[in-house]
Each structure stands twice: as structure tokens, then as C-alpha cells.
$ cat coords16.cif   # mmCIF, C-alpha atoms and all ligand atoms
data_start
#
loop_
_atom_site.label_atom_id
_atom_site.label_comp_id
_atom_site.auth_asym_id
_atom_site.auth_seq_id
_atom_site.Cartn_x
_atom_site.Cartn_y
_atom_site.Cartn_z
CA MET A 60 9.06 -7.10 17.25
CA ALA A 61 8.82 -4.36 14.60
CA ALA A 62 12.09 -2.73 13.51
CA LYS A 63 12.98 0.81 14.56
CA ARG A 64 10.77 3.27 12.71
CA ALA A 65 12.32 4.86 9.61
CA LYS A 66 13.23 8.50 10.21
CA THR A 67 10.74 10.84 8.56
CA LYS A 68 9.78 14.50 8.82
CA LYS A 69 6.76 15.36 10.93
CA ILE A 70 3.80 17.02 9.27
CA PHE A 71 0.28 17.69 10.56
CA VAL A 72 -3.09 16.86 9.05
CA GLY A 73 -5.29 19.07 11.19
CA SER A 74 -4.14 18.25 14.70
CA VAL A 75 -2.93 14.74 13.80
CA PRO A 76 0.86 14.42 13.56
CA ILE A 77 2.19 12.20 10.80
CA GLY A 78 5.80 11.02 10.76
CA GLY A 79 8.75 11.96 12.93
CA GLY A 80 8.05 9.05 15.27
CA SER A 81 4.38 9.97 15.88
CA PRO A 82 1.93 7.14 16.46
CA ILE A 83 1.01 5.55 13.12
CA ALA A 84 -2.24 7.30 12.23
CA VAL A 85 -5.22 5.30 11.00
CA GLN A 86 -7.22 6.72 8.15
CA SER A 87 -10.00 5.72 5.86
CA MET A 88 -12.08 7.10 3.03
CA THR A 89 -15.82 7.68 2.89
CA LYS A 90 -17.80 5.71 0.32
CA THR A 91 -20.81 8.00 0.22
CA ASP A 92 -21.55 10.63 -2.41
CA THR A 93 -19.69 13.63 -0.96
CA ARG A 94 -22.52 15.88 -2.15
CA ASP A 95 -24.77 14.09 0.33
CA ILE A 96 -23.61 15.92 3.44
CA LYS A 97 -25.84 14.03 5.89
CA ALA A 98 -24.90 10.54 4.69
CA THR A 99 -21.22 11.48 4.55
CA LEU A 100 -21.23 12.86 8.08
CA ARG A 101 -23.04 9.75 9.30
CA GLN A 102 -20.31 7.57 7.83
CA ILE A 103 -17.56 9.81 9.23
CA ARG A 104 -19.05 9.54 12.72
CA ALA A 105 -19.12 5.74 12.43
CA LEU A 106 -15.48 5.84 11.33
CA LYS A 107 -14.58 8.07 14.28
CA ARG A 108 -16.28 5.63 16.70
CA ALA A 109 -14.14 2.84 15.24
CA GLY A 110 -10.98 4.89 15.90
CA CYS A 111 -10.39 6.54 12.52
CA GLU A 112 -8.14 9.59 12.93
CA ILE A 113 -8.17 11.15 9.47
CA VAL A 114 -10.84 10.84 6.81
CA ARG A 115 -10.46 11.31 3.06
CA LEU A 116 -13.32 12.33 0.82
CA ALA A 117 -13.52 12.10 -2.97
CA VAL A 118 -14.12 15.49 -4.58
CA PRO A 119 -15.06 14.67 -8.17
CA ASP A 120 -16.82 17.95 -9.05
CA MET A 121 -17.55 21.50 -7.89
CA GLU A 122 -20.77 20.49 -6.16
CA ALA A 123 -18.80 18.02 -4.04
CA ALA A 124 -16.12 20.66 -3.35
CA GLU A 125 -18.82 23.08 -2.19
CA ALA A 126 -20.39 20.41 0.04
CA LEU A 127 -17.05 20.04 1.82
CA GLY A 128 -17.62 23.23 3.84
CA GLY A 129 -20.90 21.88 5.29
CA ILE A 130 -19.23 18.57 6.10
CA ILE A 131 -16.10 20.07 7.63
CA ARG A 132 -18.08 22.42 9.92
CA SER A 133 -19.63 19.41 11.71
CA CYS A 134 -16.86 16.88 11.11
CA PRO A 135 -15.15 15.29 14.15
CA LEU A 136 -12.06 14.38 12.07
CA PRO A 137 -9.57 16.24 9.87
CA VAL A 138 -10.66 15.97 6.25
CA ILE A 139 -8.41 15.28 3.29
CA ALA A 140 -9.86 16.19 -0.10
CA ASP A 141 -9.01 13.68 -2.82
CA ILE A 142 -8.70 15.50 -6.11
CA HIS A 143 -7.79 14.60 -9.65
CA PHE A 144 -7.39 16.68 -12.79
CA ASP A 145 -9.06 19.98 -11.82
CA TRP A 146 -6.98 22.50 -9.87
CA ARG A 147 -10.10 24.60 -9.22
CA LEU A 148 -11.50 21.77 -7.08
CA ALA A 149 -8.28 21.82 -5.05
CA LEU A 150 -8.54 25.58 -4.50
CA LYS A 151 -12.19 25.25 -3.50
CA ALA A 152 -11.41 22.38 -1.08
CA VAL A 153 -8.71 24.47 0.61
CA SER A 154 -11.04 27.46 0.92
CA GLN A 155 -13.72 25.17 2.42
CA GLY A 156 -11.39 24.17 5.25
CA ALA A 157 -9.82 20.88 4.15
CA SER A 158 -6.92 19.82 6.40
CA GLY A 159 -5.04 18.24 3.53
CA LEU A 160 -5.16 17.45 -0.16
CA ARG A 161 -4.37 14.29 -2.03
CA ILE A 162 -3.51 14.95 -5.63
CA ASN A 163 -1.19 13.76 -8.31
CA PRO A 164 0.57 16.99 -9.27
CA GLY A 165 1.17 15.37 -12.65
CA ASN A 166 -2.51 15.24 -13.57
CA ILE A 167 -3.39 18.75 -12.43
CA GLY A 168 -2.20 20.14 -15.78
CA ALA A 169 -0.13 23.25 -16.53
CA LYS A 170 2.51 24.32 -14.03
CA TRP A 171 0.73 27.60 -13.23
CA LYS A 172 -2.30 25.62 -12.04
CA LEU A 173 -0.18 23.60 -9.64
CA ALA A 174 1.51 26.83 -8.53
CA GLU A 175 -1.89 28.30 -7.59
CA VAL A 176 -2.73 25.19 -5.56
CA VAL A 177 0.66 25.31 -3.84
CA THR A 178 0.19 28.99 -2.95
CA SER A 179 -3.18 28.26 -1.33
CA LEU A 180 -1.69 25.32 0.61
CA LYS A 181 1.22 27.45 1.82
CA ASP A 182 -1.15 30.24 2.91
CA LYS A 183 -3.11 27.84 5.09
CA GLY A 184 -0.21 25.61 6.16
CA ILE A 185 -1.90 22.55 4.72
CA PRO A 186 -0.03 19.43 3.57
CA LEU A 187 -0.36 17.64 0.29
CA ARG A 188 -0.10 13.94 -0.36
CA VAL A 189 1.61 12.96 -3.55
CA GLY A 190 -0.51 9.89 -4.13
CA VAL A 191 1.13 7.72 -6.76
CA ASN A 192 -1.01 4.82 -7.86
CA ALA A 193 -0.09 2.05 -10.29
CA GLY A 194 -3.44 2.52 -11.99
CA SER A 195 -2.80 6.14 -12.94
CA LEU A 196 0.89 6.27 -13.78
CA GLU A 197 2.11 8.69 -16.45
CA LYS A 198 2.17 7.18 -19.93
CA ASP A 199 5.87 7.92 -20.49
CA LEU A 200 6.78 5.96 -17.34
CA LEU A 201 4.67 3.02 -18.44
CA ARG A 202 6.45 3.11 -21.80
CA LYS A 203 9.85 3.34 -20.10
CA TYR A 204 9.31 0.53 -17.59
CA GLY A 205 6.81 -1.56 -19.55
CA HIS A 206 4.49 -1.95 -16.52
CA PRO A 207 3.81 -0.14 -13.22
CA SER A 208 6.94 -1.45 -11.51
CA ALA A 209 8.28 -0.23 -8.18
CA GLN A 210 10.86 1.87 -10.08
CA ALA A 211 8.08 3.47 -12.14
CA LEU A 212 6.11 4.35 -8.99
CA ILE A 213 9.21 5.89 -7.40
CA GLU A 214 10.15 7.89 -10.48
CA SER A 215 6.62 9.27 -10.65
CA ALA A 216 6.72 10.27 -6.96
CA GLU A 217 10.15 11.85 -7.28
CA ARG A 218 9.06 13.79 -10.34
CA HIS A 219 6.07 15.17 -8.45
CA ILE A 220 8.09 15.93 -5.33
CA SER A 221 10.62 17.89 -7.43
CA MET A 222 7.82 19.94 -8.98
CA LEU A 223 6.58 20.87 -5.52
CA GLU A 224 10.01 21.50 -4.01
CA ASP A 225 10.92 23.70 -6.97
CA MET A 226 7.98 25.83 -5.84
CA GLY A 227 9.35 25.95 -2.29
CA PHE A 228 6.71 23.54 -0.96
CA TYR A 229 7.86 20.85 1.44
CA ASN A 230 4.72 20.04 3.47
CA ILE A 231 4.50 16.71 1.67
CA LYS A 232 3.38 13.19 2.40
CA VAL A 233 3.82 10.42 -0.16
CA SER A 234 2.12 7.17 -1.04
CA LEU A 235 3.23 4.56 -3.54
CA LYS A 236 0.49 2.06 -4.07
CA ALA A 237 -0.26 -0.84 -6.33
CA SER A 238 -2.69 -3.68 -5.98
CA ASN A 239 0.35 -5.95 -6.32
CA VAL A 240 1.88 -6.50 -2.90
CA PRO A 241 5.54 -7.09 -3.92
CA SER A 242 5.56 -3.92 -6.06
CA THR A 243 4.05 -1.84 -3.26
CA VAL A 244 6.53 -3.21 -0.73
CA GLU A 245 9.54 -2.73 -2.99
CA ALA A 246 8.54 0.82 -3.92
CA CYS A 247 8.03 1.85 -0.29
CA ARG A 248 11.28 0.19 0.81
CA ILE A 249 13.36 2.00 -1.79
CA PHE A 250 11.57 5.31 -1.27
CA SER A 251 12.01 5.10 2.49
CA LYS A 252 15.78 4.66 2.10
CA ARG A 253 16.04 7.69 -0.19
CA HIS A 254 13.64 10.22 1.35
CA ARG A 255 12.45 11.63 4.63
CA HIS A 256 8.92 12.47 3.53
CA PRO A 257 6.37 10.70 5.70
CA LEU A 258 4.82 7.70 4.00
CA HIS A 259 1.15 6.83 3.79
CA VAL A 260 1.12 3.06 3.27
CA GLY A 261 -1.50 0.68 1.98
CA VAL A 262 -2.20 -1.83 -0.75
CA SER A 263 -4.37 -0.22 -3.38
CA GLU A 264 -7.64 -1.82 -4.52
CA ALA A 265 -6.85 -4.76 -2.25
CA GLY A 266 -10.20 -6.37 -3.02
CA PRO A 267 -13.23 -7.75 -1.18
CA LEU A 268 -13.18 -8.37 2.55
CA PHE A 269 -11.49 -11.77 2.78
CA SER A 270 -8.78 -11.42 0.13
CA GLY A 271 -8.42 -7.68 0.76
CA LEU A 272 -7.67 -8.26 4.43
CA ILE A 273 -5.04 -10.84 3.58
CA LYS A 274 -3.33 -8.71 0.92
CA SER A 275 -3.38 -5.65 3.15
CA SER A 276 -2.10 -7.57 6.15
CA VAL A 277 0.75 -9.09 4.15
CA GLY A 278 1.74 -5.77 2.53
CA LEU A 279 1.34 -3.58 5.59
CA GLY A 280 2.74 -6.28 7.85
CA ILE A 281 5.99 -6.44 5.89
CA LEU A 282 6.39 -2.66 5.68
CA LEU A 283 5.39 -1.82 9.23
CA SER A 284 7.55 -4.59 10.65
CA GLU A 285 10.49 -2.98 8.84
CA GLY A 286 9.64 0.39 10.41
CA ILE A 287 8.19 1.81 7.18
CA GLY A 288 4.93 3.75 7.24
CA ASP A 289 3.63 6.77 9.16
CA THR A 290 -0.07 6.48 8.40
CA VAL A 291 -2.10 3.56 7.10
CA ARG A 292 -5.21 2.95 5.12
CA VAL A 293 -6.54 -0.53 4.60
CA SER A 294 -8.44 -0.48 1.32
CA LEU A 295 -11.38 -2.88 1.18
CA THR A 296 -14.44 -3.30 -1.00
CA ALA A 297 -16.51 -3.18 2.16
CA ASN A 298 -17.87 -0.85 4.81
CA PRO A 299 -15.00 1.55 5.68
CA VAL A 300 -15.47 0.86 9.39
CA LYS A 301 -13.99 -2.57 8.61
CA GLU A 302 -10.95 -0.82 7.10
CA VAL A 303 -10.35 0.98 10.38
CA ARG A 304 -10.82 -2.12 12.50
CA ALA A 305 -8.46 -4.03 10.22
CA ALA A 306 -5.84 -1.27 10.43
CA TYR A 307 -5.86 -1.39 14.23
CA GLN A 308 -5.71 -5.16 14.17
CA ILE A 309 -2.62 -5.03 11.95
CA LEU A 310 -0.97 -2.34 14.08
CA ARG A 311 -1.80 -4.19 17.28
CA SER A 312 -0.40 -7.44 15.90
CA LEU A 313 2.95 -5.66 15.59
CA ASN A 314 2.65 -3.90 18.97
CA LEU A 315 2.55 -0.54 17.16
CA ARG A 316 -0.80 0.72 18.44
CA GLU A 317 -3.10 -0.44 21.17
CA ARG A 318 -6.78 0.11 20.90
CA GLY A 319 -9.74 -2.07 21.65
CA VAL A 320 -9.97 -5.76 22.20
CA GLU A 321 -7.60 -8.42 21.00
CA ILE A 322 -9.32 -11.78 20.99
CA ILE A 323 -7.20 -14.87 21.43
CA SER A 324 -9.22 -17.91 20.48
CA CYS A 325 -8.32 -21.45 19.56
CA PRO A 326 -9.22 -22.97 16.20
CA THR A 327 -11.25 -25.66 18.05
CA CYS A 328 -10.84 -29.39 17.56
CA GLY A 329 -12.45 -32.63 18.66
CA ARG A 330 -11.73 -31.81 22.32
CA CYS A 331 -13.93 -28.70 22.30
CA GLY A 332 -17.03 -29.20 24.42
CA ILE A 333 -19.08 -26.14 23.39
CA ASN A 334 -20.04 -24.15 20.28
CA LEU A 335 -16.89 -22.06 20.48
CA ILE A 336 -17.00 -20.61 16.95
CA GLY A 337 -20.47 -19.17 17.60
CA LEU A 338 -19.40 -17.90 21.01
CA VAL A 339 -16.29 -16.14 19.67
CA ALA A 340 -18.36 -14.40 16.97
CA LYS A 341 -20.74 -13.12 19.67
CA VAL A 342 -17.87 -11.99 21.92
CA GLU A 343 -16.30 -10.11 19.02
CA LYS A 344 -19.58 -8.39 18.16
CA ARG A 345 -20.32 -7.38 21.75
CA LEU A 346 -16.83 -5.98 22.34
CA MET A 347 -16.38 -4.41 18.91
CA HIS A 348 -16.77 -0.81 20.11
CA GLU A 349 -14.65 -1.16 23.24
CA LYS A 350 -11.81 1.38 23.14
CA LYS A 351 -9.86 0.16 26.16
CA PRO A 352 -6.97 -2.06 25.13
CA MET A 353 -7.53 -5.56 26.51
CA THR A 354 -6.85 -9.16 25.60
CA VAL A 355 -9.73 -11.57 25.85
CA ALA A 356 -9.16 -15.31 25.45
CA VAL A 357 -11.87 -17.75 24.41
CA MET A 358 -10.49 -21.29 24.46
CA GLY A 359 -12.22 -24.57 23.70
CA CYS A 360 -10.86 -26.87 26.39
CA ALA A 361 -8.62 -27.26 29.37
CA VAL A 362 -5.67 -28.71 27.39
CA ASN A 363 -4.23 -25.41 26.15
CA GLY A 364 -7.10 -23.22 27.27
CA PRO A 365 -6.18 -22.22 30.81
CA GLY A 366 -2.53 -21.65 29.90
CA GLU A 367 -3.43 -19.25 27.11
CA ALA A 368 -6.30 -17.72 29.01
CA ARG A 369 -4.04 -16.90 31.93
CA GLU A 370 -1.94 -14.68 29.67
CA ALA A 371 -5.00 -12.67 28.75
CA ASP A 372 -6.62 -9.93 30.84
CA ILE A 373 -9.69 -12.08 30.92
CA GLY A 374 -10.68 -15.37 29.40
CA ILE A 375 -12.61 -18.56 29.44
CA ALA A 376 -11.61 -22.16 28.95
CA ALA A 377 -14.60 -24.29 28.05
CA ALA A 378 -15.39 -27.78 29.23
CA LYS A 379 -18.46 -29.93 28.49
CA GLY A 380 -21.45 -27.63 28.91
CA MET A 381 -19.58 -25.11 31.07
CA GLY A 382 -16.48 -22.95 31.27
CA LEU A 383 -13.86 -21.60 33.65
CA LEU A 384 -13.66 -17.83 33.78
CA PHE A 385 -10.15 -16.44 34.30
CA LYS A 386 -9.17 -12.92 35.25
CA GLY A 387 -5.67 -11.66 35.86
CA GLY A 388 -4.36 -15.22 35.74
CA LYS A 389 -6.80 -16.60 38.32
CA VAL A 390 -9.92 -18.72 37.94
CA ILE A 391 -12.71 -16.58 39.29
CA LYS A 392 -15.68 -18.85 38.67
CA LYS A 393 -17.23 -21.82 36.88
CA VAL A 394 -19.99 -20.72 34.52
CA LYS A 395 -22.71 -22.67 32.70
CA GLU A 396 -22.37 -22.61 28.90
CA LYS A 397 -25.55 -20.58 28.49
CA ASP A 398 -24.19 -17.83 30.76
CA LEU A 399 -20.61 -17.75 29.47
CA LEU A 400 -21.10 -14.89 27.01
CA ASP A 401 -22.80 -12.52 29.43
CA GLU A 402 -20.40 -13.32 32.26
CA LEU A 403 -17.36 -12.79 30.05
CA ILE A 404 -18.68 -9.47 28.71
CA ARG A 405 -19.63 -8.27 32.19
CA GLU A 406 -16.14 -8.98 33.50
CA ALA A 407 -14.50 -7.45 30.39
CA GLU A 408 -16.47 -4.24 30.85
CA ARG A 409 -15.37 -4.04 34.47
CA LEU A 410 -11.66 -4.14 33.57
S1 LIG B 1 -7.58 -25.28 23.07
FE1 LIG B 1 -8.42 -27.33 23.23
S2 LIG B 1 -10.24 -27.31 21.92
FE2 LIG B 1 -8.99 -25.59 21.35
S3 LIG B 1 -7.77 -26.37 19.66
FE3 LIG B 1 -6.54 -26.54 21.51
S4 LIG B 1 -6.92 -28.62 22.21
FE4 LIG B 1 -8.55 -28.15 20.73
#

$ encode --input "coords16.cif" --output "C-alpha cells" --more "lines below"
Ligand code: SF4
Amino acid sequence: MAAKRAKTKKIFVGSVPIGGGSPIAVQSMTKTDTRDIKATLRQIRALKRAGCEIVRLAVPDMEAAEALGGIIRSCPLPVIADIHFDWRLALKAVSQGASGLRINPGNIGAKWKLAEVVTSLKDKGIPLRVGVNAGSLEKDLLRKYGHPSAQALIESAERHISMLEDMGFYNIKVSLKASNVPSTVEACRIFSKRHRHPLHVGVSEAGPLFSGLIKSSVGLGILLSEGIGDTVRVSLTANPVKEVRAAYQILRSLNLRERGVEIISCPTCGRCGINLIGLVAKVEKRLMHEKKPMTVAVMGCAVNGPGEAREADIGIAAAKGMGLLFKGGKVIKKVKEKDLLDELIREAERL
């Protein structure tokens, strides 16, 4: 069981609460060209269907900042504008209706520029994420620590937080990310002990689907199980819908959020009498968009199958050329192998 959640302040990104014991919010980032309003909205709607609660968009130039207004008017999710270097893009994003900004105050330039951004955020009651990333640490910190260590990430965050608090701005969320899992974990652990700002957690540039899922699961799994983290983003070199599904899977594994289908399936072995691997892939695909929380078991034989399947809301235990369909702990019917998929899905949809 996950540890008690670390105490953090509650802030809001649009209507989504972050921190202060709120449900851990799932977010992702679009991978379209933000200037392409139609394609970006299409991706945001797909993310929303998968359960995404906050979406972040890159705003690399003024054209992208201007496109934000058109996106936000039709957007089903609160939008965070991700901005680097140019404070004018931040001001434009706020005026276009962004629900939050992600910047590194340190790379916005002169203090007066940051002060203008802070004033616009205060006027609209919008939060800012201090997004510290190992890949863009200040040069003096890299010189001091020799590499982007956890201490370097924390010092960078604390420096940025002080700049904001000196301006009377406290509507802050923080992330400390590296592609190295131990550094990310250590930085978040130390930060969480010292501060009450809500934490956005994730492993940065985690990689392609397979290795990225593992790195993210290890990093987020450690932090979340210690009660650290108020919102998550799984970062994958893949369709962002997969990031959202992975985030829910991680949260569900720790009993922190419930959404959609958890599939229990055996690894198969010489006792398995059907093509279970193919069947599980089909079950997963058919139930992918189901929002109702449910546990579906797909087991390869009667040795462990019925025992495990009984724990699930619904399940099957296969035998040679057929399977037993369980529901609520009771066998409800014997089904031929060719009908197993449809029968299982039909019963799952009835739950
Ligand atoms: S449930 Fe049966 S088929 Fe699956 S791994 Fe266990 S013994 Fe093998």
C-alpha cells in the first residue's frame, strides 16, 4: 500500500485541483505543431477520451501563442502553455486563456520580464510550474555540482521559487526531472521534505515505449508509493494517449486512482490450452476505452486460473479448446474458444 500522501498546498489548473490531498491528476503533452489548431484539438480530444485531465502545449513562437486562443475556445481540458526564453510568449498565452504556464523563471531573462509575467498570472489567478529539467540547468549549477545531480536540480528550483516569492507570487507547482531515475527520485524526495509546493512528477525523456514505460514505472512507482507527487506525466517517445494509459496503470497499481480495466492474465506455460497471448491482446484492445473501473482475468488453465479469476469482476479460465467464464466469483458458463472473446466482452460491458 502507498504511504500517506506528503502534505502539499492545493492549487488549481483550470478546475482541476492539484495537491492538498486531491486525486493525483494525470496530464500529458500534445505532440502536434501547436500552430495547427485542428490537429492539436484532435489529439487533445483523444487524450481526453483516454482520461487525460490537463494538457500541456509547446509554445515555441508567437504564431503558436496566437493559435492557443483558437485551441482553448474548443478545448475540453485545461491548457498549460510550455514556454522558454521569451516572456512575451508567456504574456500572450495568459491573454489567450491558458490555465497555467510552465516556465523556467531562470531562462526568461531580466527580472522585469519575469515581473510582468507574474503580474499577468496574479491578475488571472493562474499558477506557474517551475519546471526544472536536468537538460536545461543553469551553467553555474553545472559548474558547482559537476553534473545535473539531485542537489543541482533542487538548488535551481529553490532559486526560481525565491524569485517568484520575492514578487509575492505563491501559486506555484514544481517539477524536478532528469532522465536518470535515481536523480529524479532523490531530488523529489528531498524537495518534498523541505517544501509544501505541489509536485508534478515524471521521468524526463524516459525513452521509447518499452524502456520508457519501465523507467517511468520505476521512478513514479517509488515516488508515488512514498506519497510523493500530486500530478503525473509519463513521458514517452510514442503517441501521448499511451502516456495517459500508462499513468493510470501506474496509479491503479498503487491503488491511487481507479479508472478503466485492469487485466490480470497469466504468463502462460505448457499447460495452456488456447492462444492466450493473442486473446489477451484482443481483450485489451476491445476494453481500452472502458472508463468503468473493473478487473478482468484471462487465465490459461484451471490450475491457477479459476482461483485468480474468482478475485476478478469477470474472468475466464481456459481449457483445451474452451473456457470457463466467471463472474462475481461464480462460473456462469462454458464457452467454446472461438466465442470466448465476444462472451467475455459482452459480460464485461454489462457490469
Ligand atoms: S494459469 Fe495455468 S497456463 Fe497460466 S501460467 Fe499458470 S499454470 Fe500455466

$ residues_near_ligand --input "coords16.cif" --ligand "ligand LIG 1 (chain B)" --cutoff "7 Å" --atoms "only C-alpha atoms and all ligand atoms" --output "JSON, numbers by chain"
{"A": [325, 326, 327, 328, 329, 330, 331, 358, 359, 360, 361, 362, 363, 364]}

$ residues_around --input "coords16.cif" --residues "A:Leu235" --least-positions-apart "2" --cutoff "9 Å" --atoms "all atoms listed in the file" --output "ChimeraX atom specification"
/A:189-193,209,212-213,216,233,237,243-244,246-247,250,258-263

$ closest_residue --input "coords16.cif" --among "A:Met226, A:Val75, A:Ala371, A:Val85" --to "A:Ala305" --atoms "only C-alpha atoms"
A:Val85

$ closest_residue --input "coords16.cif" --among "A:Gly168, A:Gly78, A:Gly366, A:Gly278" --to "A:Pro241" --atoms "only C-alpha atoms"
A:Gly278

$ closest_residue --input "coords16.cif" --among "A:Glu217, A:Asp398, A:Glu370, A:Glu302" --to "A:Ala105" --atoms "all atoms listed in the file"
A:Glu302

$ atom_distance --input "coords16.cif" --atom1 "atom CA of A:Leu200" --atom2 "atom CA of A:Gly165"
11.9 Å

$ closest_atom_pairs --input "coords16.cif" --of "stretch 74-135 of chain A" --to "stretch 290-301 of chain A" --cutoff "9 Å" --atoms "all atoms listed in the file" --output "CSV"
residue,atom,partner,partner_atom,distance
A:Ile77,CA,A:Thr290,CA,6.6
A:Gly78,CA,A:Thr290,CA,7.8
A:Pro82,CA,A:Thr290,CA,8.3
A:Ile83,CA,A:Thr290,CA,4.9
A:Ala84,CA,A:Thr290,CA,4.5
A:Val85,CA,A:Val291,CA,5.3
A:Gln86,CA,A:Arg292,CA,5.2
A:Ser87,CA,A:Arg292,CA,5.6
A:Met88,CA,A:Pro299,CA,6.8
A:Thr89,CA,A:Pro299,CA,6.8
A:Lys90,CA,A:Pro299,CA,7.3
A:Gln102,CA,A:Pro299,CA,8.3
A:Ala105,CA,A:Val300,CA,6.8
A:Leu106,CA,A:Val300,CA,5.3
A:Lys107,CA,A:Val300,CA,8.8
A:Arg108,CA,A:Val300,CA,8.8
A:Ala109,CA,A:Val300,CA,6.3
A:Gly110,CA,A:Val300,CA,8.9
A:Cys111,CA,A:Val300,CA,8.2
